[in-house]
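> Below: one structure in structure tokens.
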Amino acid sequence: MKIIVSGASGLIGQPLVASLRKHGHEVMQLVRRTPRANESQWNPSAGQLDVAVLEGCDAVIHLSGAGIGDRRWTAKYKQELLDSRTKSTSLLATTIAKCNKSQVCSCLAQQLASTAHVATNK
């Protein structure tokens with residue numbers, strides 16, 4: 001399967017990508033920095049993601065967002081947590097909708113659950 005992973009450098013993303021590759025899947029990582037092999041650049045804050053990156057993929061696993069354990073949850077940081085998840089999720093969803101492939105399995109549930117938790121605990 002061709003699988004796109006955002007947040008691939010994080011606590012969950014790193015072992016997930018390693019496991020997916022170990023089991024023979026083709027993994028493309030979405031990164032905000034200059035991309036290397038098997039990576040593609042995106043910018044959720046600016047709404048930038050090339051639809052060609054998602055064309056032909058079988059699954060999208062979305063794990064990116066501001067870290068939840070690395071700083072104090074001030075009102076400003078709670079907003080950053082929320083924005084980092086909602087903007088990236090929205091960008092992925094709208095880009096997936098533009099794909100020519102009729103079915104793309106999108107695993108956005110983790111982000112939606114995180115977003116709901118942050119939104120209700122402002």
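If you're wondering about the labels, chains in the structure tokens are A, B, ... by order shown, residues count from 1 in each chain, ligands from 1 in order shown.
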Within 12 Å of segment 57-60 of chain A, which residues of segment 20-51 of chain A come that close, and what is the closest atom pair and distance in Å for each? Count only C-alpha atoms and give it as a Markdown table.

```
| residue | atom | partner | partner_atom | distance |
| --- | --- | --- | --- | --- |
| A:Leu20 | CA | A:Ala59 | CA | 11.7 |
| A:His25 | CA | A:Asp58 | CA | 10.2 |
| A:Glu26 | CA | A:Cys57 | CA | 9.3 |
| A:Val27 | CA | A:Cys57 | CA | 9.4 |
| A:Met28 | CA | A:Cys57 | CA | 9.3 |
| A:Gln29 | CA | A:Val60 | CA | 10.0 |
| A:Leu30 | CA | A:Val60 | CA | 10.2 |
| A:Val51 | CA | A:Cys57 | CA | 10.8 |
```
> Restricting it to C-alpha atoms, dump the selection as a compact mmCIF listing (two decimals), in the first residue's frame.

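Produced file result_18.txt, reproduced below:
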```
# COMPACT_ATOMS: atom_id res chain seq x y z
CA LEU A 20 4.89 0.11 7.86
CA HIS A 25 4.39 -0.56 2.49
CA GLU A 26 5.52 2.47 0.52
CA VAL A 27 5.52 5.41 2.94
CA MET A 28 5.65 9.10 1.99
CA GLN A 29 6.20 11.45 4.92
CA LEU A 30 4.76 14.97 4.91
CA VAL A 51 -2.57 17.24 -4.58
```
> Using only C-alpha atoms, which residue out of A:Ala37, A:Ala93, A:Leu82, A:Leu63 lies closest to Ser9 of chain A?
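Counting only C-alpha atoms, the residue closest to Ser9 of chain A is A:Leu63.
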> To one decimal place in Å, what is the distance between atom CA of Ser40 of chain A and atom CA of Lys87 of chain A?
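Atom CA of Lys87 of chain A lies at a distance of 17.8 Å from atom CA of Ser40 of chain A.
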> Do you know which residues are at most 12 Å from Glu55 of chain A counting only C-alpha atoms, after dropping those on the same chain fewer than 2 positions away, and could you put them as an NGL selection string?
:A and (2-4 or 28 or 49-53 or 57-60 or 95-104)
